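Next comes input_3.pdb, with PDB, C-alpha atoms.
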```pdb
ATOM      1  CA  PRO A   1      20.842  -8.739   3.517
ATOM      2  CA  ASN A   2      19.785  -5.557   1.788
ATOM      3  CA  VAL A   3      16.009  -5.246   2.251
ATOM      4  CA  PRO A   4      15.040  -1.982   0.556
ATOM      5  CA  VAL A   5      11.749  -0.915   2.084
ATOM      6  CA  ALA A   6      10.361   2.369   3.347
ATOM      7  CA  VAL A   7       7.382   3.227   5.506
ATOM      8  CA  MET A   8       4.730   5.698   4.415
ATOM      9  CA  GLN A   9       1.987   7.401   6.388
ATOM     10  CA  HIS A  10      -1.443   6.195   5.346
ATOM     11  CA  GLN A  11      -4.665   7.702   6.644
ATOM     12  CA  TYR A  12      -8.294   6.684   6.631
ATOM     13  CA  VAL A  13     -11.445   7.785   8.395
ATOM     14  CA  VAL A  14     -14.370   5.966   9.959
ATOM     15  CA  THR A  15     -17.673   7.809   9.834
ATOM     16  CA  GLU A  16     -20.496   8.005  12.280
ATOM     17  CA  LEU A  17     -23.780   6.289  11.478
ATOM     18  CA  ILE A  18     -25.027   6.886   7.924
ATOM     19  CA  PRO A  19     -28.754   6.042   7.625
ATOM     20  CA  GLU A  20     -28.469   4.989   3.979
ATOM     21  CA  ILE A  21     -25.686   2.532   4.828
ATOM     22  CA  GLU A  22     -27.656   1.092   7.757
ATOM     23  CA  GLU A  23     -30.783   0.668   5.645
ATOM     24  CA  TYR A  24     -28.930  -0.911   2.737
ATOM     25  CA  HIS A  25     -27.240  -3.384   5.047
ATOM     26  CA  LYS A  26     -30.575  -4.375   6.596
ATOM     27  CA  GLN A  27     -32.206  -4.974   3.223
ATOM     28  CA  HIS A  28     -29.350  -6.383   1.124
ATOM     29  CA  GLY A  29     -26.586  -7.487   3.484
ATOM     30  CA  GLU A  30     -22.935  -6.751   2.836
ATOM     31  CA  PHE A  31     -21.726  -4.786  -0.153
ATOM     32  CA  ALA A  32     -18.418  -4.932  -1.966
ATOM     33  CA  THR A  33     -15.402  -2.777  -1.274
ATOM     34  CA  LEU A  34     -15.261   0.192  -3.621
ATOM     35  CA  ARG A  35     -12.039   1.354  -5.254
ATOM     36  CA  ASP A  36     -12.079   4.643  -7.151
ATOM     37  CA  ALA A  37      -9.045   5.551  -9.255
ATOM     38  CA  TYR A  38     -10.316   9.101  -9.794
ATOM     39  CA  SER A  39      -9.954  10.067  -6.139
ATOM     40  CA  ALA A  40      -7.403   7.350  -5.251
ATOM     41  CA  MET A  41      -9.923   6.156  -2.685
ATOM     42  CA  TYR A  42     -11.147   2.871  -1.256
ATOM     43  CA  MET A  43     -14.290   2.427   0.807
ATOM     44  CA  ARG A  44     -16.010  -0.363   2.704
ATOM     45  CA  ARG A  45     -18.764  -0.626   5.277
ATOM     46  CA  GLU A  46     -17.681  -0.197   8.901
ATOM     47  CA  GLN A  47     -20.552  -1.113  11.247
ATOM     48  CA  LYS A  48     -23.290   1.441  10.426
ATOM     49  CA  GLY A  49     -20.979   3.864   8.644
ATOM     50  CA  ILE A  50     -18.100   3.590   6.211
ATOM     51  CA  CYS A  51     -14.334   3.359   6.311
ATOM     52  CA  LEU A  52     -12.756   5.520   3.632
ATOM     53  CA  GLY A  53      -9.066   5.963   2.886
ATOM     54  CA  CYS A  54      -7.071   7.772   0.208
ATOM     55  CA  TYR A  55      -3.605   7.448  -1.272
ATOM     56  CA  GLU A  56      -2.172  10.863  -2.078
ATOM     57  CA  THR A  57      -1.056  11.076  -5.708
ATOM     58  CA  GLU A  58       1.465  13.773  -4.783
ATOM     59  CA  GLY A  59       3.102  14.975  -1.595
ATOM     60  CA  ALA A  60       2.927  11.612   0.187
ATOM     61  CA  GLN A  61       4.633  11.610   3.593
ATOM     62  CA  PHE A  62       7.173   9.125   4.949
ATOM     63  CA  PHE A  63       7.257   7.833   8.474
ATOM     64  CA  SER A  64      10.815   7.611   9.829
ATOM     65  CA  PRO A  65      12.713   7.738   6.487
ATOM     66  CA  LYS A  66      15.894   6.415   8.133
ATOM     67  CA  GLY A  67      14.129   3.255   9.276
ATOM     68  CA  MET A  68      11.665   2.112  11.903
ATOM     69  CA  PRO A  69      12.647   2.932  15.486
ATOM     70  CA  PRO A  70      13.822  -0.243  17.274
ATOM     71  CA  ASP A  71      11.283   0.217  20.062
ATOM     72  CA  TRP A  72       8.320   0.796  17.740
ATOM     73  CA  ASP A  73       5.392  -1.489  18.465
ATOM     74  CA  THR A  74       1.790  -0.877  17.390
ATOM     75  CA  GLU A  75       1.407   2.838  17.934
ATOM     76  CA  LEU A  76      -0.498   5.090  15.578
ATOM     77  CA  LEU A  77       0.748   8.421  14.248
ATOM     78  CA  PRO A  78      -0.692  11.886  14.893
ATOM     79  CA  ASN A  79      -3.606  12.712  12.620
ATOM     80  CA  HIS A  80      -2.753  14.835   9.612
ATOM     81  CA  ILE A  81      -6.026  14.749   7.735
ATOM     82  CA  GLU A  82      -5.206  17.951   5.844
ATOM     83  CA  ALA A  83      -2.742  15.935   3.785
ATOM     84  CA  VAL A  84      -5.499  13.820   2.211
ATOM     85  CA  ALA A  85      -8.295  16.392   2.312
ATOM     86  CA  PRO A  86      -8.147  17.161  -1.459
ATOM     87  CA  TRP A  87      -8.637  13.479  -2.324
ATOM     88  CA  MET A  88     -11.391  13.023   0.219
ATOM     89  CA  ALA A  89     -13.161  16.010  -1.305
ATOM     90  CA  MET A  90     -12.929  14.265  -4.680
ATOM     91  CA  ALA A  91     -14.271  11.095  -3.071
ATOM     92  CA  THR A  92     -17.558  12.876  -2.300
ATOM     93  CA  GLU A  93     -18.137  13.151  -6.056
ATOM     94  CA  THR A  94     -18.084   9.360  -6.271
ATOM     95  CA  LEU A  95     -19.820   8.811  -2.944
ATOM     96  CA  PRO A  96     -22.097  11.805  -2.231
ATOM     97  CA  ILE A  97     -23.327  10.421   1.113
ATOM     98  CA  PHE A  98     -19.784  10.815   2.460
ATOM     99  CA  GLU A  99     -20.053  14.605   2.205
ATOM    100  CA  LYS A 100     -22.657  14.863   4.958
ATOM    101  CA  ALA A 101     -21.274  12.082   7.148
ATOM    102  CA  GLY A 102     -19.815  12.881  10.544
ATOM    103  CA  ILE A 103     -16.264  11.686  11.192
ATOM    104  CA  LYS A 104     -15.973   9.358  14.194
ATOM    105  CA  THR A 105     -12.319   8.338  13.945
ATOM    106  CA  ILE A 106      -9.232   9.390  11.983
ATOM    107  CA  ILE A 107      -6.476   6.790  11.706
ATOM    108  CA  ASN A 108      -2.932   7.551  10.594
ATOM    109  CA  GLY A 109      -0.622   4.561  10.607
ATOM    110  CA  PRO A 110       2.646   3.354   9.097
ATOM    111  CA  GLN A 111       2.458   1.275   5.923
ATOM    112  CA  ILE A 112       5.480  -0.477   4.455
ATOM    113  CA  PHE A 113       6.348  -0.619   0.746
ATOM    114  CA  SER A 114       9.111  -2.298  -1.227
ATOM    115  CA  VAL A 115      10.924  -0.705  -4.173
ATOM    116  CA  THR A 116       9.071  -3.018  -6.555
ATOM    117  CA  GLY A 117       5.652  -2.496  -5.021
ATOM    118  CA  LYS A 118       5.521  -6.251  -4.420
ATOM    119  CA  THR A 119       6.333  -8.428  -1.454
ATOM    120  CA  TYR A 120       9.826  -9.906  -1.326
ATOM    121  CA  VAL A 121       9.340 -13.677  -1.322
ATOM    122  CA  GLY A 122      12.257 -16.084  -1.602
ATOM    123  CA  ARG A 123      15.854 -16.789  -0.688
ATOM    124  CA  ALA A 124      17.927 -13.970   0.735
ATOM    125  CA  PRO A 125      20.785 -13.439  -1.745
ATOM    126  CA  GLY A 126      24.179 -14.543  -0.471
ATOM    127  CA  LEU A 127      22.898 -16.381   2.603
ATOM    128  CA  GLN A 128      22.253 -20.050   3.289
ATOM    129  CA  ASN A 129      18.896 -21.186   4.688
ATOM    130  CA  PHE A 130      17.683 -17.611   5.077
ATOM    131  CA  TRP A 131      14.378 -16.674   3.491
ATOM    132  CA  GLN A 132      12.513 -13.422   3.108
ATOM    133  CA  LEU A 133       8.822 -12.589   3.179
ATOM    134  CA  CYS A 134       8.629  -8.869   3.803
ATOM    135  CA  GLY A 135       7.787  -5.512   2.300
ATOM    136  CA  SER A 136       4.100  -6.286   1.842
ATOM    137  CA  SER A 137       1.963  -3.146   1.738
ATOM    138  CA  THR A 138      -1.214  -5.225   1.949
ATOM    139  CA  GLY A 139      -0.197  -7.795   4.524
ATOM    140  CA  ILE A 140      -3.709  -8.722   5.631
ATOM    141  CA  THR A 141      -4.830  -9.664   2.123
ATOM    142  CA  GLN A 142      -1.519 -11.125   0.909
ATOM    143  CA  GLY A 143      -0.195 -12.755   4.061
ATOM    144  CA  GLY A 144      -1.859 -16.148   3.788
ATOM    145  CA  GLY A 145      -1.157 -16.632   0.090
ATOM    146  CA  THR A 146       2.456 -15.477   0.110
ATOM    147  CA  ALA A 147       3.212 -17.546   3.213
ATOM    148  CA  LYS A 148       1.808 -20.609   1.453
ATOM    149  CA  MET A 149       3.910 -19.942  -1.653
ATOM    150  CA  LEU A 150       7.052 -19.463   0.434
ATOM    151  CA  ALA A 151       6.385 -22.676   2.361
ATOM    152  CA  GLN A 152       6.052 -24.585  -0.921
ATOM    153  CA  TYR A 153       9.264 -23.014  -2.196
ATOM    154  CA  MET A 154      11.156 -23.941   0.971
ATOM    155  CA  ILE A 155       9.880 -27.531   1.125
ATOM    156  CA  LYS A 156       9.535 -28.490  -2.544
ATOM    157  CA  GLY A 157      12.038 -26.169  -4.226
ATOM    158  CA  GLU A 158       9.353 -24.279  -6.128
ATOM    159  CA  ALA A 159       5.879 -22.855  -5.619
ATOM    160  CA  GLU A 160       2.754 -23.628  -7.608
ATOM    161  CA  ILE A 161       2.999 -20.199  -9.238
ATOM    162  CA  SER A 162       6.037 -18.299 -10.480
ATOM    163  CA  LEU A 163       7.649 -16.095  -7.830
ATOM    164  CA  ASP A 164      10.183 -14.572 -10.220
ATOM    165  CA  SER A 165       8.830 -11.039  -9.915
ATOM    166  CA  TYR A 166       8.883 -11.334  -6.097
ATOM    167  CA  ASP A 167      12.460 -12.628  -5.878
ATOM    168  CA  PRO A 168      14.687 -10.575  -3.527
ATOM    169  CA  ALA A 169      17.567 -11.332  -5.907
ATOM    170  CA  ASN A 170      16.009  -8.890  -8.391
ATOM    171  CA  ILE A 171      17.298  -6.013  -6.264
ATOM    172  CA  GLY A 172      20.615  -4.708  -7.567
ATOM    173  CA  ALA A 173      23.522  -3.208  -5.634
ATOM    174  CA  HIS A 174      22.531   0.256  -6.895
ATOM    175  CA  VAL A 175      19.433   0.243  -4.674
ATOM    176  CA  ASP A 176      20.619   2.469  -1.828
ATOM    177  CA  ARG A 177      18.542   4.446   0.669
ATOM    178  CA  THR A 178      18.059   7.424  -1.644
ATOM    179  CA  TYR A 179      16.873   5.153  -4.435
ATOM    180  CA  THR A 180      14.560   3.333  -2.014
ATOM    181  CA  LEU A 181      12.890   6.489  -0.731
ATOM    182  CA  ASP A 182      12.392   7.955  -4.207
ATOM    183  CA  ARG A 183      11.022   4.713  -5.559
ATOM    184  CA  VAL A 184       8.696   3.939  -2.668
ATOM    185  CA  LYS A 185       7.219   7.430  -2.723
ATOM    186  CA  ALA A 186       6.432   7.035  -6.426
ATOM    187  CA  ILE A 187       4.870   3.612  -5.840
ATOM    188  CA  PHE A 188       2.672   4.923  -3.021
ATOM    189  CA  GLU A 189       1.490   7.802  -5.182
ATOM    190  CA  HIS A 190       0.617   5.374  -7.984
ATOM    191  CA  VAL A 191      -1.338   2.791  -5.964
ATOM    192  CA  PHE A 192      -4.479   3.589  -7.979
ATOM    193  CA  HIS A 193      -2.731   4.195 -11.287
ATOM    194  CA  PHE A 194      -3.693   1.896 -14.147
ATOM    195  CA  PHE A 195      -0.355   0.676 -15.453
ATOM    196  CA  SER A 196       0.213  -0.451 -19.009
ATOM    197  CA  PRO A 197       2.120  -3.723 -19.494
ATOM    198  CA  TYR A 198       5.756  -3.324 -18.364
ATOM    199  CA  GLU A 199       5.123   0.275 -17.261
ATOM    200  CA  GLU A 200       6.827   1.234 -14.010
ATOM    201  CA  PRO A 201       6.881   4.395 -11.859
ATOM    202  CA  TYR A 202       9.602   6.856 -12.728
ATOM    203  CA  GLY A 203      10.708   7.304  -9.130
ATOM    204  CA  ALA A 204      14.512   7.056  -8.594
ATOM    205  CA  ARG A 205      15.304   7.381 -12.298
ATOM    206  CA  PRO A 206      17.996   7.687 -13.548
ATOM    207  CA  GLY A 207      19.591   6.326 -10.386
ATOM    208  CA  PHE A 208      21.168   3.470 -12.316
ATOM    209  CA  CYS A 209      22.045   3.537 -16.015
ATOM    210  CA  ASP A 210      23.479   0.736 -18.103
ATOM    211  CA  PRO A 211      25.919   1.466 -20.968
ATOM    212  CA  LEU A 212      23.062   1.724 -23.475
ATOM    213  CA  TYR A 213      21.643   4.769 -21.653
ATOM    214  CA  ASP A 214      24.196   7.124 -23.175
TER     215      ASP A 214
END
```
Encoded form (structure tokens):
Amino acid sequence: PNVPVAVMQHQYVVTELIPEIEEYHKQHGEFATLRDAYSAMYMRREQKGICLGCYETEGAQFFSPKGMPPDWDTELLPNHIEAVAPWMAMATETLPIFEKAGIKTIINGPQIFSVTGKTYVGRAPGLQNFWQLCGSSTGITQGGGTAKMLAQYMIKGEAEISLDSYDPANIGAHVDRTYTLDRVKAIFEHVFHFFSPYEEPYGARPGFCDPLYD
């Protein structure tokens, strides 16, 4: 089946010990993950420092645009921190203690995205007894829930929530590799964008036009 996904490079850093973080954790325990749309940044505590990652809002980089190498396993990619430096600089405005923190580790890894920005969950179009659950950019947080919904769908014929917007059958024949790359890049660069109802990224437009377009 046609499974239009592409893999982006996503980077985050882990800092060395930050005294304020250590002291806060001792006095108050854990604190919530922070998401900042201004700098397209997320942050959480990592031991006695913080883990901070950014999603570039322009110039995002693919990993292996033609598809994942067959022998790829769990390797990381070479660091390219310059690519996200402008957003990390903006992150210091939201989180001033990050500016003086030492960097312990820089992680650059592959992250998969679908052309809808959602996981594909459901029957593979045109095939019997073949199901898809793939294209999840946040697999750790979505994995358990989407697997449960798919299991319900497979066993009972439907899930307890609507999976219409996750249906692989939503993908039309016009979704080729060029469309996929353009669309996924736009989705990655809009991870922190606040969308209005029914608003979608403009990536890959006008790759497909119906008769009303003219």
Enclose stretch 46-61 of chain A, meaning all of its atoms listed in the file, in a box aligned along x, y and z, pad it by 8 Å on each side, and list the centre and edge lengths in Å to one decimal, as lines of an AutoDock Vina configuration file.
```
center_x = -9.3
center_y = 6.9
center_z = 2.8
size_x = 43.9
size_y = 32.1
size_z = 33.0
```
Task: 12 Å contact set for A:Gly29, only C-alpha atoms, chain neighbours under 4 positions out, as a list of chain:residue names - done: A:Ile21, A:Glu22, A:Glu23, A:Tyr24, A:His25, A:Arg45, A:Gln47, A:Lys48
Task: Test item: residues at most 10 Å from A:Met154, all atoms listed in the file, excluding those fewer than 6 positions along its chain, as a PyMOL selection string - done: chain A and resi 122-123+129-131+148
Task: Residue nearest A:Phe98 among A:Cys51, A:Val5, A:Leu76, A:Val115 (counting all atoms listed in the file) - done: A:Cys51
For the file shown, report as a compact mmCIF listing (two decimals) with C-alpha atoms, keeping the file's coordinate frame the outcome of the PyMOL selection byres ((chain A and resi 95) around 12) at residue level.
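Produced file expr_21.txt, reproduced below:
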```
# COMPACT_ATOMS: atom_id res chain seq x y z
CA GLU A 20 -28.47 4.99 3.98
CA ILE A 21 -25.69 2.53 4.83
CA LEU A 34 -15.26 0.19 -3.62
CA ARG A 35 -12.04 1.35 -5.25
CA ASP A 36 -12.08 4.64 -7.15
CA TYR A 38 -10.32 9.10 -9.79
CA SER A 39 -9.95 10.07 -6.14
CA MET A 41 -9.92 6.16 -2.68
CA TYR A 42 -11.15 2.87 -1.26
CA MET A 43 -14.29 2.43 0.81
CA ARG A 44 -16.01 -0.36 2.70
CA ILE A 50 -18.10 3.59 6.21
CA LEU A 52 -12.76 5.52 3.63
CA MET A 88 -11.39 13.02 0.22
CA ALA A 89 -13.16 16.01 -1.30
CA MET A 90 -12.93 14.26 -4.68
CA ALA A 91 -14.27 11.10 -3.07
CA THR A 92 -17.56 12.88 -2.30
CA GLU A 93 -18.14 13.15 -6.06
CA THR A 94 -18.08 9.36 -6.27
CA PRO A 96 -22.10 11.80 -2.23
CA ILE A 97 -23.33 10.42 1.11
CA PHE A 98 -19.78 10.82 2.46
CA GLU A 99 -20.05 14.60 2.20
CA LYS A 100 -22.66 14.86 4.96
CA ALA A 101 -21.27 12.08 7.15
```
- [ ] Skip A:Gly139 itself and residues of its chain fewer than 6 positions away, then list as an NGL selection string all residues within 12 Å of it, counting all atoms listed in the file.
- [x] :A and (111-113 or 118-120 or 133 or 145-147)
Suppose we keep C-alpha atoms; can you now write the selection as a compact mmCIF listing (two decimals), keeping the file's coordinate frame?
```txt
# COMPACT_ATOMS: atom_id res chain seq x y z
CA GLN A 111 2.46 1.27 5.92
CA ILE A 112 5.48 -0.48 4.46
CA PHE A 113 6.35 -0.62 0.75
CA LYS A 118 5.52 -6.25 -4.42
CA THR A 119 6.33 -8.43 -1.45
CA TYR A 120 9.83 -9.91 -1.33
CA LEU A 133 8.82 -12.59 3.18
CA GLY A 145 -1.16 -16.63 0.09
CA THR A 146 2.46 -15.48 0.11
CA ALA A 147 3.21 -17.55 3.21
```
Task: Test item: residues at most 8 Å from A:Met149, all atoms listed in the file, excluding those fewer than 5 positions along its chain, as a ChimeraX atom specification - done: /A:159-161
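Checking A:Pro206, A:Pro70, A:Pro168, A:Gly53 one by one against A:Ser114, counting all atoms listed in the file, you find the shortest gap at A:Pro168.
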Task: Contacts of A:Thr178 at 9 Å (only C-alpha atoms; same-chain gap of 5+ positions) as a list in words - done: Arg183, Ala204 and Gly207 of chain A
Could you write out the selected residues, including C-alpha atoms, as a short mmCIF file (atom, residue, chain, number, x, y, z; two decimals), in the frame of the given file?
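Okay, out.cif is ready:
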```cif
data_model
loop_
_atom_site.label_atom_id
_atom_site.label_comp_id
_atom_site.auth_asym_id
_atom_site.auth_seq_id
_atom_site.Cartn_x
_atom_site.Cartn_y
_atom_site.Cartn_z
CA ARG A 183 11.02 4.71 -5.56
CA ALA A 204 14.51 7.06 -8.59
CA GLY A 207 19.59 6.33 -10.39
#
```
Task: Point-to-point distance from atom CA of A:Asn108 to atom CA of A:Val184, Å rounded to tenths - done: 18.0 Å
- [ ] Determine the residue membership of the PyMOL selection byres ((chain A and resi 110) around 9) for the file above and supply it as a PyMOL selection string.
- [x] chain A and resi 7-11+62-63+75-77+108-109+111-112
Task: Distance of atom CA of A:Ala6 from atom CA of A:Lys66, expressed in Å to one decimal place - done: 8.4 Å
Task: Polymer residues at most 10 Å from (5.1, 8.2, -15.7) by only C-alpha atoms, as a list in words - done: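 The distance filter leaves exactly Ala186, His190, His193, Phe195, Glu199, Glu200, Pro201, Tyr202 and Gly203 of chain A.
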Write a file of the just-selected residues containing C-alpha atoms, as a PDB file, in the coordinates of the input.
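What ended up in result.pdb:
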```
ATOM      1  CA  ALA A 186       6.432   7.035  -6.426  1.00  0.00           C
ATOM      2  CA  HIS A 190       0.617   5.374  -7.984  1.00  0.00           C
ATOM      3  CA  HIS A 193      -2.731   4.195 -11.287  1.00  0.00           C
ATOM      4  CA  PHE A 195      -0.355   0.676 -15.453  1.00  0.00           C
ATOM      5  CA  GLU A 199       5.123   0.275 -17.261  1.00  0.00           C
ATOM      6  CA  GLU A 200       6.827   1.234 -14.010  1.00  0.00           C
ATOM      7  CA  PRO A 201       6.881   4.395 -11.859  1.00  0.00           C
ATOM      8  CA  TYR A 202       9.602   6.856 -12.728  1.00  0.00           C
ATOM      9  CA  GLY A 203      10.708   7.304  -9.130  1.00  0.00           C
TER      10      GLY A 203
END
```
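The smallest atom-to-atom distance between A:Tyr55 and any of A:Ala151, A:Ala83, A:His28, A:Gly117, using only C-alpha atoms, is found for A:Ala83.
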Task: Shortest interatomic distance to A:Ile81 - which of A:Val121, A:Leu163, A:Val13, A:Ile140, counting all atoms listed in the file - done: A:Val13
Return stretch 119-129 of chain A, completed with all heavy atoms, as an mmCIF file, in the coordinates of the input.
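Output (out_26.cif):
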```
data_model
loop_
_atom_site.group_PDB
_atom_site.id
_atom_site.type_symbol
_atom_site.label_atom_id
_atom_site.label_comp_id
_atom_site.auth_asym_id
_atom_site.auth_seq_id
_atom_site.Cartn_x
_atom_site.Cartn_y
_atom_site.Cartn_z
ATOM 1 N N THR A 119 5.693 -7.798 -2.598
ATOM 2 C CA THR A 119 6.333 -8.428 -1.454
ATOM 3 C C THR A 119 7.609 -9.135 -1.901
ATOM 4 O O THR A 119 7.654 -9.717 -2.986
ATOM 5 C CB THR A 119 5.377 -9.453 -0.820
ATOM 6 O OG1 THR A 119 4.112 -8.827 -0.592
ATOM 7 C CG2 THR A 119 5.920 -9.987 0.481
ATOM 8 N N TYR A 120 8.638 -9.095 -1.069
ATOM 9 C CA TYR A 120 9.826 -9.906 -1.326
ATOM 10 C C TYR A 120 9.553 -11.316 -0.804
ATOM 11 O O TYR A 120 9.296 -11.518 0.386
ATOM 12 C CB TYR A 120 11.046 -9.335 -0.611
ATOM 13 C CG TYR A 120 11.423 -7.930 -1.024
ATOM 14 C CD1 TYR A 120 11.638 -6.945 -0.072
ATOM 15 C CD2 TYR A 120 11.556 -7.597 -2.368
ATOM 16 C CE1 TYR A 120 11.986 -5.657 -0.451
ATOM 17 C CE2 TYR A 120 11.898 -6.309 -2.758
ATOM 18 C CZ TYR A 120 12.114 -5.342 -1.797
ATOM 19 O OH TYR A 120 12.455 -4.069 -2.170
ATOM 20 N N VAL A 121 9.617 -12.291 -1.697
ATOM 21 C CA VAL A 121 9.340 -13.677 -1.322
ATOM 22 C C VAL A 121 10.418 -14.565 -1.930
ATOM 23 O O VAL A 121 10.517 -14.680 -3.153
ATOM 24 C CB VAL A 121 7.959 -14.150 -1.822
ATOM 25 C CG1 VAL A 121 7.661 -15.563 -1.314
ATOM 26 C CG2 VAL A 121 6.862 -13.194 -1.391
ATOM 27 N N GLY A 122 11.242 -15.177 -1.076
ATOM 28 C CA GLY A 122 12.257 -16.084 -1.602
ATOM 29 C C GLY A 122 13.528 -16.096 -0.783
ATOM 30 O O GLY A 122 13.586 -15.574 0.334
ATOM 31 N N ARG A 123 14.569 -16.686 -1.365
ATOM 32 C CA ARG A 123 15.854 -16.789 -0.688
ATOM 33 C C ARG A 123 16.509 -15.418 -0.560
ATOM 34 O O ARG A 123 16.456 -14.605 -1.484
ATOM 35 C CB ARG A 123 16.795 -17.702 -1.471
ATOM 36 C CG ARG A 123 16.320 -19.139 -1.621
ATOM 37 C CD ARG A 123 17.301 -19.929 -2.472
ATOM 38 N NE ARG A 123 16.839 -21.281 -2.726
ATOM 39 C CZ ARG A 123 17.092 -22.306 -1.921
ATOM 40 N NH1 ARG A 123 17.799 -22.125 -0.816
ATOM 41 N NH2 ARG A 123 16.635 -23.508 -2.221
ATOM 42 N N ALA A 124 17.147 -15.186 0.565
ATOM 43 C CA ALA A 124 17.927 -13.970 0.735
ATOM 44 C C ALA A 124 19.247 -14.147 -0.004
ATOM 45 O O ALA A 124 19.978 -15.103 0.268
ATOM 46 C CB ALA A 124 18.179 -13.696 2.211
ATOM 47 N N PRO A 125 19.563 -13.282 -0.956
ATOM 48 C CA PRO A 125 20.785 -13.439 -1.745
ATOM 49 C C PRO A 125 22.034 -13.480 -0.867
ATOM 50 O O PRO A 125 22.195 -12.683 0.053
ATOM 51 C CB PRO A 125 20.786 -12.194 -2.639
ATOM 52 C CG PRO A 125 19.354 -11.776 -2.708
ATOM 53 C CD PRO A 125 18.778 -12.117 -1.376
ATOM 54 N N GLY A 126 22.901 -14.464 -1.154
ATOM 55 C CA GLY A 126 24.179 -14.543 -0.471
ATOM 56 C C GLY A 126 24.163 -15.251 0.865
ATOM 57 O O GLY A 126 25.211 -15.370 1.522
ATOM 58 N N LEU A 127 22.997 -15.722 1.308
ATOM 59 C CA LEU A 127 22.898 -16.381 2.603
ATOM 60 C C LEU A 127 22.334 -17.786 2.437
ATOM 61 O O LEU A 127 21.538 -18.047 1.538
ATOM 62 C CB LEU A 127 22.007 -15.587 3.558
ATOM 63 C CG LEU A 127 22.470 -14.169 3.923
ATOM 64 C CD1 LEU A 127 21.424 -13.496 4.800
ATOM 65 C CD2 LEU A 127 23.818 -14.199 4.634
ATOM 66 N N GLN A 128 22.752 -18.689 3.307
ATOM 67 C CA GLN A 128 22.253 -20.050 3.289
ATOM 68 C C GLN A 128 21.083 -20.195 4.270
ATOM 69 O O GLN A 128 21.132 -19.704 5.402
ATOM 70 C CB GLN A 128 23.376 -21.027 3.682
ATOM 71 C CG GLN A 128 24.495 -21.116 2.660
ATOM 72 C CD GLN A 128 24.041 -21.771 1.365
ATOM 73 O OE1 GLN A 128 23.203 -22.679 1.379
ATOM 74 N NE2 GLN A 128 24.573 -21.307 0.243
ATOM 75 N N ASN A 129 20.045 -20.876 3.824
ATOM 76 C CA ASN A 129 18.896 -21.186 4.688
ATOM 77 C C ASN A 129 18.295 -19.937 5.338
ATOM 78 O O ASN A 129 17.884 -19.960 6.498
ATOM 79 C CB ASN A 129 19.309 -22.195 5.767
ATOM 80 C CG ASN A 129 19.730 -23.524 5.173
ATOM 81 O OD1 ASN A 129 19.142 -24.002 4.205
ATOM 82 N ND2 ASN A 129 20.780 -24.110 5.731
#
```
